[in-house]
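To keep things clear, I will list the structure first and then write my remarks on it.
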Amino acid sequence: MKKIYALLLLVVFCNGPLAAQNKYAEEHYTKEDVYIPMRDGTKLFTSIYTPKDASRKQKYPMVMQRTCYSIAPYGAGKFPARLGPSETMMKEGYIFVYQDVRGRYKSEGTWTNMTPIIDKKKGKKQVDEASDTYDTIDWLLKHAANNNGKVGQWGISYPGFYTAAGILSNHPALKASSPQAPISDFFFDDFHHNGALLESYFFTYPVFGVQKTDTTSKAWYSDQMIKPETKDGYQFLLDMGPLTNADKYYKNNFFWQETINHPNYDEFWQKRSLPRHFGKVKPAVMFVGGWFDAEDLTGPLALFKTVKKSDPTAYNTIVMGPFGHGRWSRETGHTMHSNIYFGDSIATFYQKNIEAKFFQHFLKGKGDKASGLPTAYMFDTGKKEWKTFNQWPVPTATRQKLYLGADGKISMTAPAAAGSVSYISDPAKPVPYTEDNTTTMGFTPHNYMSEDQRFAGRRPDVLVYQTDVLEEDVTLGGEIMSHLKIASTGTDADFIVKLIDVYPGDTENNDYMPNKNILLSNYWQLVRLEIMPARFRNSFEKPEPLVANQKTDVKVPLQDVLHTFKKGHRIMIQVQSTAFPLFARNPQKFVENPYKAIASDYIKATETVYNDSYVEVEVLK
């Protein structure tokens, strides 16, 4: 189990240098390990890989990744299989820099999750990831041999956060920054969605909630990993019961304790929010994400829009591809997500024609805004092709309301008469989020983001609404907001809204499907899913109970999409209150801190959705 989790951490999260599989890096680069001092005296362990042909006449820009997931392999003469974001960039030649952030692995200092940004620092003792980035760049400019004075930064997932925070360093040598799948705010990304806890992350807390006692190249938290006697995460977490029982495993885990003691969007979480700190942006920025990223879909979209608003003159671009979390960093040949095939070598196309082009222009080329790249490079996951846009969201999009009829039909016009549909939500028998039980015990689930939703829609506690068969293609591109009109017999509830593409009955399976028992005939492909706890309907800071049996507005914002529902398909909306163990179960009885709810607080409730509810989408022509 320890080895499995260690491998997951390296492969899924850091996307950094791994154990050597080929000799290119070793044959073409030299390696130097150094400790770089920060302004407060803390030293951060850093590996510098320099092209062997670097000289006074042949200088190279630096490309840096800062990570909490280890910059292995450690030791002189030990090289990774690949340097930098891609093989393309490794062969083009850059000085690649990797750094363990403070408090992690071989670096000194104390580890803090999502280190709060200090906008106005008072003295050398006030440090954050922006200042550590600044100090690192400043040291490298003076000590890294044969650099050309220009620095780029990139990282995926948590390293994406460090990249985004690095923008705030405002170091004049930082010319290009690409936060990829960045965590932007832990109350809306990764561990929470709109404040709802992702219980699917339950097994990951040792990685983030155990301090090391000394500098190390080993995963010091491994012995804190839970070792279940089952491979069925749904059953394990259901049997665990209320989250109060988690102290059996995590009583001394500081991140778990921070999480359960801060159920609302209070100062603890707000201090860890990146978007509120962005103003003027100096480097060119390219945010990157995957439409099926189950971990950090919010981050790239939220930060791109934040920079767009805070500094309209900045070079600010975004790329969204048909990928799961970080999957654009490695080529798989046939690009799949779950059972859906999107084409061949899409990651390679991105690496060569988008990512490498971005860094080459700003670190080796003219560095002006004429990079040849659009503002938004977006993949249409229905048509399965790249599209480019000068603005995102697209200002010419038409807003359309999809009304959720009491007869189960989606209408484009408001209902003429009042109606509603109800279901019983039972926390003791929650709706599973997936049919694939093999994904419920891993580091985080991934495949559910495009999985078939027939298993859920055929349950009595899931409402299903759909259009007639489409007579022409319909492209949804941009933001989605669900406006639910609900009533509950309880005083709290979660509402989960799904956008689904229903395939025709004559759809044939593709040749690359991982599970040959799945049929794409009448497949209900998940396109987007989001949750909103009713307690946060008016404020994330100050939760409010529902008034039982009173009609109430609950807005459920879904993340952006670019998806064409093809002629012959249907558009479907599902509404439900549980998706377990992706999301922790809502007691459905309002309590001040749902993480402290006891078994008797978990009650059945009847949830009613009225037919003047609608989902507002943006339609592209």
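All residue names refer to the structure tokens as shown: chains lettered A, B, ... in order, residues numbered from 1 in each chain, ligands numbered from 1 in order.
Every protein, DNA or RNA residue with an atom at most 8 Å from Leu620 in chain A, where only C-alpha atoms count and chain neighbours fewer than 5 positions away do not, is listed here: Val394, Thr396, Ala397, Thr398, Val474, Thr475, Leu476 and Gly477 of chain A.
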Could those residues be written to a file, using C-alpha atoms, as a PDB file, in the first residue's frame?
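In the end it all went to out-v7.pdb:
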ATOM      1  CA  VAL A 394     -17.578  34.315 -25.810  1.00  0.00           C
ATOM      2  CA  THR A 396     -21.610  36.827 -28.685  1.00  0.00           C
ATOM      3  CA  ALA A 397     -23.032  33.705 -27.018  1.00  0.00           C
ATOM      4  CA  THR A 398     -26.816  33.560 -26.624  1.00  0.00           C
ATOM      5  CA  VAL A 474     -26.308  22.636 -30.294  1.00  0.00           C
ATOM      6  CA  THR A 475     -22.989  23.995 -28.975  1.00  0.00           C
ATOM      7  CA  LEU A 476     -22.838  25.078 -25.357  1.00  0.00           C
ATOM      8  CA  GLY A 477     -19.794  27.246 -24.752  1.00  0.00           C
TER       9      GLY A 477
END
| message | Report as a list in words all protein, DNA and RNA residues lying within 6 Å of Arg272 in chain A, evaluated on only C-alpha atoms, omitting residues in the same chain fewer than 2 positions from it. | response |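 Listing them by chain and then by number gives Met114, Pro116, Trp269 and Gln270 of chain A.
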Which parts of range 125-229 of chain A does DSSP call alpha helix (DSSP H) when run on the backbone here, written out as a PDB file with all heavy atoms, in the first residue's frame?
ATOM      1  N   GLU A 129       4.709  32.017  -0.683  1.00  0.00           N
ATOM      2  CA  GLU A 129       5.227  31.386  -1.900  1.00  0.00           C
ATOM      3  C   GLU A 129       5.665  32.418  -2.930  1.00  0.00           C
ATOM      4  O   GLU A 129       6.527  32.135  -3.768  1.00  0.00           O
ATOM      5  CB  GLU A 129       4.175  30.437  -2.493  1.00  0.00           C
ATOM      6  CG  GLU A 129       3.707  29.345  -1.552  1.00  0.00           C
ATOM      7  CD  GLU A 129       4.838  28.501  -0.968  1.00  0.00           C
ATOM      8  OE1 GLU A 129       5.936  28.455  -1.581  1.00  0.00           O
ATOM      9  OE2 GLU A 129       4.628  27.898   0.098  1.00  0.00           O
ATOM     10  N   ALA A 130       5.076  33.605  -2.887  1.00  0.00           N
ATOM     11  CA  ALA A 130       5.513  34.662  -3.799  1.00  0.00           C
ATOM     12  C   ALA A 130       6.930  35.118  -3.444  1.00  0.00           C
ATOM     13  O   ALA A 130       7.786  35.259  -4.331  1.00  0.00           O
ATOM     14  CB  ALA A 130       4.543  35.841  -3.742  1.00  0.00           C
ATOM     15  N   SER A 131       7.196  35.317  -2.159  1.00  0.00           N
ATOM     16  CA  SER A 131       8.536  35.762  -1.765  1.00  0.00           C
ATOM     17  C   SER A 131       9.568  34.658  -1.979  1.00  0.00           C
ATOM     18  O   SER A 131      10.710  34.929  -2.375  1.00  0.00           O
ATOM     19  CB  SER A 131       8.539  36.229  -0.307  1.00  0.00           C
ATOM     20  OG  SER A 131       8.296  35.166   0.591  1.00  0.00           O
ATOM     21  N   ASP A 132       9.179  33.391  -1.724  1.00  0.00           N
ATOM     22  CA  ASP A 132      10.113  32.295  -1.972  1.00  0.00           C
ATOM     23  C   ASP A 132      10.444  32.183  -3.462  1.00  0.00           C
ATOM     24  O   ASP A 132      11.576  31.864  -3.845  1.00  0.00           O
ATOM     25  CB  ASP A 132       9.531  30.973  -1.467  1.00  0.00           C
ATOM     26  CG  ASP A 132       9.637  30.819   0.048  1.00  0.00           C
ATOM     27  OD1 ASP A 132      10.228  31.709   0.698  1.00  0.00           O
ATOM     28  OD2 ASP A 132       9.117  29.818   0.579  1.00  0.00           O
ATOM     29  N   THR A 133       9.443  32.427  -4.309  1.00  0.00           N
ATOM     30  CA  THR A 133       9.696  32.430  -5.753  1.00  0.00           C
ATOM     31  C   THR A 133      10.647  33.559  -6.128  1.00  0.00           C
ATOM     32  O   THR A 133      11.600  33.371  -6.897  1.00  0.00           O
ATOM     33  CB  THR A 133       8.377  32.573  -6.528  1.00  0.00           C
ATOM     34  OG1 THR A 133       7.492  31.509  -6.169  1.00  0.00           O
ATOM     35  CG2 THR A 133       8.615  32.537  -8.034  1.00  0.00           C
ATOM     36  N   TYR A 134      10.399  34.732  -5.587  1.00  0.00           N
ATOM     37  CA  TYR A 134      11.249  35.893  -5.872  1.00  0.00           C
ATOM     38  C   TYR A 134      12.690  35.615  -5.450  1.00  0.00           C
ATOM     39  O   TYR A 134      13.636  35.836  -6.232  1.00  0.00           O
ATOM     40  CB  TYR A 134      10.714  37.118  -5.134  1.00  0.00           C
ATOM     41  CG  TYR A 134      11.406  38.405  -5.528  1.00  0.00           C
ATOM     42  CD1 TYR A 134      10.805  39.282  -6.429  1.00  0.00           C
ATOM     43  CD2 TYR A 134      12.663  38.744  -5.021  1.00  0.00           C
ATOM     44  CE1 TYR A 134      11.449  40.455  -6.809  1.00  0.00           C
ATOM     45  CE2 TYR A 134      13.303  39.916  -5.400  1.00  0.00           C
ATOM     46  CZ  TYR A 134      12.686  40.768  -6.295  1.00  0.00           C
ATOM     47  OH  TYR A 134      13.314  41.918  -6.678  1.00  0.00           O
ATOM     48  N   ASP A 135      12.859  35.120  -4.227  1.00  0.00           N
ATOM     49  CA  ASP A 135      14.210  34.887  -3.715  1.00  0.00           C
ATOM     50  C   ASP A 135      14.930  33.805  -4.514  1.00  0.00           C
ATOM     51  O   ASP A 135      16.145  33.888  -4.737  1.00  0.00           O
ATOM     52  CB  ASP A 135      14.150  34.491  -2.239  1.00  0.00           C
ATOM     53  CG  ASP A 135      13.658  35.633  -1.359  1.00  0.00           C
ATOM     54  OD1 ASP A 135      13.562  36.770  -1.843  1.00  0.00           O
ATOM     55  OD2 ASP A 135      13.331  35.365  -0.180  1.00  0.00           O
ATOM     56  N   THR A 136      14.176  32.785  -4.943  1.00  0.00           N
ATOM     57  CA  THR A 136      14.779  31.726  -5.754  1.00  0.00           C
ATOM     58  C   THR A 136      15.257  32.266  -7.093  1.00  0.00           C
ATOM     59  O   THR A 136      16.383  31.996  -7.528  1.00  0.00           O
ATOM     60  CB  THR A 136      13.771  30.581  -5.970  1.00  0.00           C
ATOM     61  OG1 THR A 136      13.401  30.023  -4.699  1.00  0.00           O
ATOM     62  CG2 THR A 136      14.356  29.489  -6.850  1.00  0.00           C
ATOM     63  N   ILE A 137      14.395  33.035  -7.759  1.00  0.00           N
ATOM     64  CA  ILE A 137      14.772  33.603  -9.054  1.00  0.00           C
ATOM     65  C   ILE A 137      15.984  34.521  -8.903  1.00  0.00           C
ATOM     66  O   ILE A 137      16.924  34.478  -9.710  1.00  0.00           O
ATOM     67  CB  ILE A 137      13.582  34.367  -9.671  1.00  0.00           C
ATOM     68  CG1 ILE A 137      12.474  33.389 -10.076  1.00  0.00           C
ATOM     69  CG2 ILE A 137      14.028  35.177 -10.886  1.00  0.00           C
ATOM     70  CD1 ILE A 137      11.199  34.059 -10.557  1.00  0.00           C
ATOM     71  N   ASP A 138      15.961  35.323  -7.859  1.00  0.00           N
ATOM     72  CA  ASP A 138      17.068  36.264  -7.662  1.00  0.00           C
ATOM     73  C   ASP A 138      18.397  35.523  -7.490  1.00  0.00           C
ATOM     74  O   ASP A 138      19.428  35.931  -8.056  1.00  0.00           O
ATOM     75  CB  ASP A 138      16.780  37.124  -6.422  1.00  0.00           C
ATOM     76  CG  ASP A 138      16.959  38.604  -6.692  1.00  0.00           C
ATOM     77  OD1 ASP A 138      16.640  39.044  -7.814  1.00  0.00           O
ATOM     78  OD2 ASP A 138      17.422  39.316  -5.783  1.00  0.00           O
ATOM     79  N   TRP A 139      18.376  34.443  -6.729  1.00  0.00           N
ATOM     80  CA  TRP A 139      19.592  33.646  -6.512  1.00  0.00           C
ATOM     81  C   TRP A 139      20.036  32.998  -7.815  1.00  0.00           C
ATOM     82  O   TRP A 139      21.234  32.987  -8.143  1.00  0.00           O
ATOM     83  CB  TRP A 139      19.329  32.594  -5.441  1.00  0.00           C
ATOM     84  CG  TRP A 139      20.551  31.859  -4.983  1.00  0.00           C
ATOM     85  CD1 TRP A 139      21.329  32.142  -3.897  1.00  0.00           C
ATOM     86  CD2 TRP A 139      21.148  30.705  -5.609  1.00  0.00           C
ATOM     87  NE1 TRP A 139      22.374  31.244  -3.795  1.00  0.00           N
ATOM     88  CE2 TRP A 139      22.285  30.354  -4.838  1.00  0.00           C
ATOM     89  CE3 TRP A 139      20.832  29.942  -6.721  1.00  0.00           C
ATOM     90  CZ2 TRP A 139      23.090  29.268  -5.159  1.00  0.00           C
ATOM     91  CZ3 TRP A 139      21.647  28.870  -7.059  1.00  0.00           C
ATOM     92  CH2 TRP A 139      22.768  28.539  -6.286  1.00  0.00           C
ATOM     93  N   LEU A 140      19.080  32.429  -8.554  1.00  0.00           N
ATOM     94  CA  LEU A 140      19.418  31.727  -9.797  1.00  0.00           C
ATOM     95  C   LEU A 140      20.055  32.662 -10.820  1.00  0.00           C
ATOM     96  O   LEU A 140      20.993  32.280 -11.526  1.00  0.00           O
ATOM     97  CB  LEU A 140      18.156  31.091 -10.387  1.00  0.00           C
ATOM     98  CG  LEU A 140      17.587  29.874  -9.641  1.00  0.00           C
ATOM     99  CD1 LEU A 140      16.195  29.543 -10.158  1.00  0.00           C
ATOM    100  CD2 LEU A 140      18.510  28.668  -9.784  1.00  0.00           C
ATOM    101  N   LEU A 141      19.549  33.871 -10.931  1.00  0.00           N
ATOM    102  CA  LEU A 141      20.105  34.823 -11.893  1.00  0.00           C
ATOM    103  C   LEU A 141      21.585  35.076 -11.634  1.00  0.00           C
ATOM    104  O   LEU A 141      22.368  35.268 -12.570  1.00  0.00           O
ATOM    105  CB  LEU A 141      19.326  36.135 -11.832  1.00  0.00           C
ATOM    106  CG  LEU A 141      17.884  36.103 -12.354  1.00  0.00           C
ATOM    107  CD1 LEU A 141      17.177  37.412 -12.026  1.00  0.00           C
ATOM    108  CD2 LEU A 141      17.844  35.842 -13.854  1.00  0.00           C
ATOM    109  N   LYS A 142      21.959  35.043 -10.359  1.00  0.00           N
ATOM    110  CA  LYS A 142      23.336  35.348  -9.979  1.00  0.00           C
ATOM    111  C   LYS A 142      24.244  34.119 -10.003  1.00  0.00           C
ATOM    112  O   LYS A 142      25.454  34.244 -10.202  1.00  0.00           O
ATOM    113  CB  LYS A 142      23.357  35.965  -8.584  1.00  0.00           C
ATOM    114  CG  LYS A 142      22.598  37.275  -8.480  1.00  0.00           C
ATOM    115  CD  LYS A 142      22.452  37.718  -7.023  1.00  0.00           C
ATOM    116  CE  LYS A 142      21.582  38.960  -6.895  1.00  0.00           C
ATOM    117  NZ  LYS A 142      21.330  39.327  -5.469  1.00  0.00           N
ATOM    118  N   HIS A 143      23.652  32.921  -9.798  1.00  0.00           N
ATOM    119  CA  HIS A 143      24.494  31.745  -9.588  1.00  0.00           C
ATOM    120  C   HIS A 143      24.354  30.640 -10.642  1.00  0.00           C
ATOM    121  O   HIS A 143      25.242  29.791 -10.747  1.00  0.00           O
ATOM    122  CB  HIS A 143      24.206  31.142  -8.209  1.00  0.00           C
ATOM    123  CG  HIS A 143      24.555  32.047  -7.069  1.00  0.00           C
ATOM    124  ND1 HIS A 143      23.648  32.934  -6.519  1.00  0.00           N
ATOM    125  CD2 HIS A 143      25.712  32.224  -6.384  1.00  0.00           C
ATOM    126  CE1 HIS A 143      24.225  33.597  -5.525  1.00  0.00           C
ATOM    127  NE2 HIS A 143      25.482  33.195  -5.425  1.00  0.00           N
ATOM    128  N   TYR A 158      -0.887  20.911  -7.416  1.00  0.00           N
ATOM    129  CA  TYR A 158      -0.304  21.739  -6.362  1.00  0.00           C
ATOM    130  C   TYR A 158       0.870  22.566  -6.905  1.00  0.00           C
ATOM    131  O   TYR A 158       0.993  23.768  -6.611  1.00  0.00           O
ATOM    132  CB  TYR A 158       0.143  20.870  -5.191  1.00  0.00           C
ATOM    133  CG  TYR A 158      -0.238  21.411  -3.828  1.00  0.00           C
ATOM    134  CD1 TYR A 158      -0.666  20.571  -2.811  1.00  0.00           C
ATOM    135  CD2 TYR A 158      -0.160  22.772  -3.540  1.00  0.00           C
ATOM    136  CE1 TYR A 158      -1.011  21.054  -1.558  1.00  0.00           C
ATOM    137  CE2 TYR A 158      -0.497  23.272  -2.283  1.00  0.00           C
ATOM    138  CZ  TYR A 158      -0.917  22.414  -1.299  1.00  0.00           C
ATOM    139  OH  TYR A 158      -1.249  22.898  -0.066  1.00  0.00           O
ATOM    140  N   PRO A 159       1.761  21.977  -7.710  1.00  0.00           N
ATOM    141  CA  PRO A 159       2.770  22.824  -8.362  1.00  0.00           C
ATOM    142  C   PRO A 159       2.152  23.924  -9.231  1.00  0.00           C
ATOM    143  O   PRO A 159       2.792  24.952  -9.464  1.00  0.00           O
ATOM    144  CB  PRO A 159       3.572  21.826  -9.196  1.00  0.00           C
ATOM    145  CG  PRO A 159       3.457  20.543  -8.434  1.00  0.00           C
ATOM    146  CD  PRO A 159       2.042  20.540  -7.920  1.00  0.00           C
ATOM    147  N   GLY A 160       0.909  23.702  -9.707  1.00  0.00           N
ATOM    148  CA  GLY A 160       0.201  24.763 -10.420  1.00  0.00           C
ATOM    149  C   GLY A 160      -0.131  25.923  -9.504  1.00  0.00           C
ATOM    150  O   GLY A 160      -0.087  27.093  -9.906  1.00  0.00           O
ATOM    151  N   PHE A 161      -0.485  25.601  -8.256  1.00  0.00           N
ATOM    152  CA  PHE A 161      -0.707  26.658  -7.263  1.00  0.00           C
ATOM    153  C   PHE A 161       0.569  27.452  -7.042  1.00  0.00           C
ATOM    154  O   PHE A 161       0.556  28.692  -7.001  1.00  0.00           O
ATOM    155  CB  PHE A 161      -1.187  26.057  -5.945  1.00  0.00           C
ATOM    156  CG  PHE A 161      -0.948  26.946  -4.746  1.00  0.00           C
ATOM    157  CD1 PHE A 161      -1.745  28.055  -4.524  1.00  0.00           C
ATOM    158  CD2 PHE A 161       0.093  26.681  -3.863  1.00  0.00           C
ATOM    159  CE1 PHE A 161      -1.519  28.891  -3.431  1.00  0.00           C
ATOM    160  CE2 PHE A 161       0.328  27.511  -2.769  1.00  0.00           C
ATOM    161  CZ  PHE A 161      -0.481  28.619  -2.554  1.00  0.00           C
ATOM    162  N   TYR A 162       1.703  26.744  -6.878  1.00  0.00           N
ATOM    163  CA  TYR A 162       2.964  27.446  -6.649  1.00  0.00           C
ATOM    164  C   TYR A 162       3.329  28.320  -7.846  1.00  0.00           C
ATOM    165  O   TYR A 162       3.920  29.395  -7.703  1.00  0.00           O
ATOM    166  CB  TYR A 162       4.084  26.446  -6.350  1.00  0.00           C
ATOM    167  CG  TYR A 162       3.865  25.707  -5.059  1.00  0.00           C
ATOM    168  CD1 TYR A 162       3.667  24.329  -5.037  1.00  0.00           C
ATOM    169  CD2 TYR A 162       3.817  26.392  -3.854  1.00  0.00           C
ATOM    170  CE1 TYR A 162       3.434  23.658  -3.847  1.00  0.00           C
ATOM    171  CE2 TYR A 162       3.580  25.728  -2.659  1.00  0.00           C
ATOM    172  CZ  TYR A 162       3.394  24.356  -2.663  1.00  0.00           C
ATOM    173  OH  TYR A 162       3.148  23.705  -1.489  1.00  0.00           O
ATOM    174  N   THR A 163       2.964  27.874  -9.043  1.00  0.00           N
ATOM    175  CA  THR A 163       3.206  28.673 -10.234  1.00  0.00           C
ATOM    176  C   THR A 163       2.341  29.930 -10.227  1.00  0.00           C
ATOM    177  O   THR A 163       2.822  31.036 -10.516  1.00  0.00           O
ATOM    178  CB  THR A 163       2.931  27.850 -11.502  1.00  0.00           C
ATOM    179  OG1 THR A 163       3.707  26.648 -11.469  1.00  0.00           O
ATOM    180  CG2 THR A 163       3.286  28.632 -12.754  1.00  0.00           C
ATOM    181  N   ALA A 164       1.065  29.767  -9.910  1.00  0.00           N
ATOM    182  CA  ALA A 164       0.157  30.918  -9.853  1.00  0.00           C
ATOM    183  C   ALA A 164       0.585  31.893  -8.763  1.00  0.00           C
ATOM    184  O   ALA A 164       0.578  33.117  -8.959  1.00  0.00           O
ATOM    185  CB  ALA A 164      -1.274  30.448  -9.627  1.00  0.00           C
ATOM    186  N   ALA A 165       0.984  31.361  -7.596  1.00  0.00           N
ATOM    187  CA  ALA A 165       1.471  32.225  -6.522  1.00  0.00           C
ATOM    188  C   ALA A 165       2.759  32.917  -6.930  1.00  0.00           C
ATOM    189  O   ALA A 165       3.028  34.056  -6.522  1.00  0.00           O
ATOM    190  CB  ALA A 165       1.683  31.407  -5.251  1.00  0.00           C
ATOM    191  N   GLY A 166       3.567  32.242  -7.762  1.00  0.00           N
ATOM    192  CA  GLY A 166       4.813  32.833  -8.231  1.00  0.00           C
ATOM    193  C   GLY A 166       4.599  34.070  -9.082  1.00  0.00           C
ATOM    194  O   GLY A 166       5.453  34.965  -9.125  1.00  0.00           O
ATOM    195  N   ILE A 167       3.463  34.134  -9.785  1.00  0.00           N
ATOM    196  CA  ILE A 167       3.143  35.335 -10.565  1.00  0.00           C
ATOM    197  C   ILE A 167       3.141  36.565  -9.654  1.00  0.00           C
ATOM    198  O   ILE A 167       3.563  37.649 -10.042  1.00  0.00           O
ATOM    199  CB  ILE A 167       1.776  35.172 -11.262  1.00  0.00           C
ATOM    200  CG1 ILE A 167       1.835  34.036 -12.295  1.00  0.00           C
ATOM    201  CG2 ILE A 167       1.347  36.474 -11.934  1.00  0.00           C
ATOM    202  CD1 ILE A 167       0.476  33.662 -12.877  1.00  0.00           C
ATOM    203  N   TYR A 205      -5.230  12.461   3.232  1.00  0.00           N
ATOM    204  CA  TYR A 205      -4.873  13.443   4.266  1.00  0.00           C
ATOM    205  C   TYR A 205      -3.484  13.250   4.882  1.00  0.00           C
ATOM    206  O   TYR A 205      -2.842  14.250   5.252  1.00  0.00           O
ATOM    207  CB  TYR A 205      -5.961  13.495   5.337  1.00  0.00           C
ATOM    208  CG  TYR A 205      -7.126  14.360   4.919  1.00  0.00           C
ATOM    209  CD1 TYR A 205      -8.164  13.845   4.147  1.00  0.00           C
ATOM    210  CD2 TYR A 205      -7.168  15.706   5.255  1.00  0.00           C
ATOM    211  CE1 TYR A 205      -9.219  14.638   3.731  1.00  0.00           C
ATOM    212  CE2 TYR A 205      -8.221  16.512   4.845  1.00  0.00           C
ATOM    213  CZ  TYR A 205      -9.251  15.978   4.084  1.00  0.00           C
ATOM    214  OH  TYR A 205     -10.276  16.779   3.666  1.00  0.00           O
ATOM    215  N   PRO A 206      -2.973  12.038   4.996  1.00  0.00           N
ATOM    216  CA  PRO A 206      -1.606  11.929   5.518  1.00  0.00           C
ATOM    217  C   PRO A 206      -0.571  12.679   4.679  1.00  0.00           C
ATOM    218  O   PRO A 206       0.414  13.199   5.207  1.00  0.00           O
ATOM    219  CB  PRO A 206      -1.350  10.419   5.503  1.00  0.00           C
ATOM    220  CG  PRO A 206      -2.702   9.823   5.680  1.00  0.00           C
ATOM    221  CD  PRO A 206      -3.619  10.709   4.888  1.00  0.00           C
ATOM    222  N   VAL A 207      -0.792  12.751   3.369  1.00  0.00           N
ATOM    223  CA  VAL A 207       0.163  13.429   2.493  1.00  0.00           C
ATOM    224  C   VAL A 207       0.256  14.916   2.838  1.00  0.00           C
ATOM    225  O   VAL A 207       1.319  15.524   2.745  1.00  0.00           O
ATOM    226  CB  VAL A 207      -0.250  13.262   1.019  1.00  0.00           C
ATOM    227  CG1 VAL A 207       0.734  13.966   0.091  1.00  0.00           C
ATOM    228  CG2 VAL A 207      -0.373  11.792   0.653  1.00  0.00           C
ATOM    229  N   PHE A 208      -0.856  15.492   3.280  1.00  0.00           N
ATOM    230  CA  PHE A 208      -0.922  16.935   3.479  1.00  0.00           C
ATOM    231  C   PHE A 208      -1.000  17.350   4.945  1.00  0.00           C
ATOM    232  O   PHE A 208      -0.921  18.541   5.242  1.00  0.00           O
ATOM    233  CB  PHE A 208      -2.137  17.494   2.734  1.00  0.00           C
ATOM    234  CG  PHE A 208      -2.153  17.140   1.276  1.00  0.00           C
ATOM    235  CD1 PHE A 208      -2.999  16.140   0.800  1.00  0.00           C
ATOM    236  CD2 PHE A 208      -1.312  17.767   0.383  1.00  0.00           C
ATOM    237  CE1 PHE A 208      -3.009  15.796  -0.540  1.00  0.00           C
ATOM    238  CE2 PHE A 208      -1.315  17.431  -0.961  1.00  0.00           C
ATOM    239  CZ  PHE A 208      -2.161  16.445  -1.431  1.00  0.00           C
ATOM    240  N   GLY A 209      -1.165  16.392   5.861  1.00  0.00           N
ATOM    241  CA  GLY A 209      -1.411  16.753   7.244  1.00  0.00           C
ATOM    242  C   GLY A 209      -0.432  16.207   8.257  1.00  0.00           C
ATOM    243  O   GLY A 209      -0.745  16.148   9.451  1.00  0.00           O
TER     244      GLY A 209
END
| Residues at most 12 Å from Leu562 in chain A, counting only C-alpha atoms, excluding those fewer than 2 positions away in the same chain, as a PyMOL selection string? | chain A and resi 290-292+319-322+376-389+392-394+397+474-480+527-528+559-560+564-565+617-620
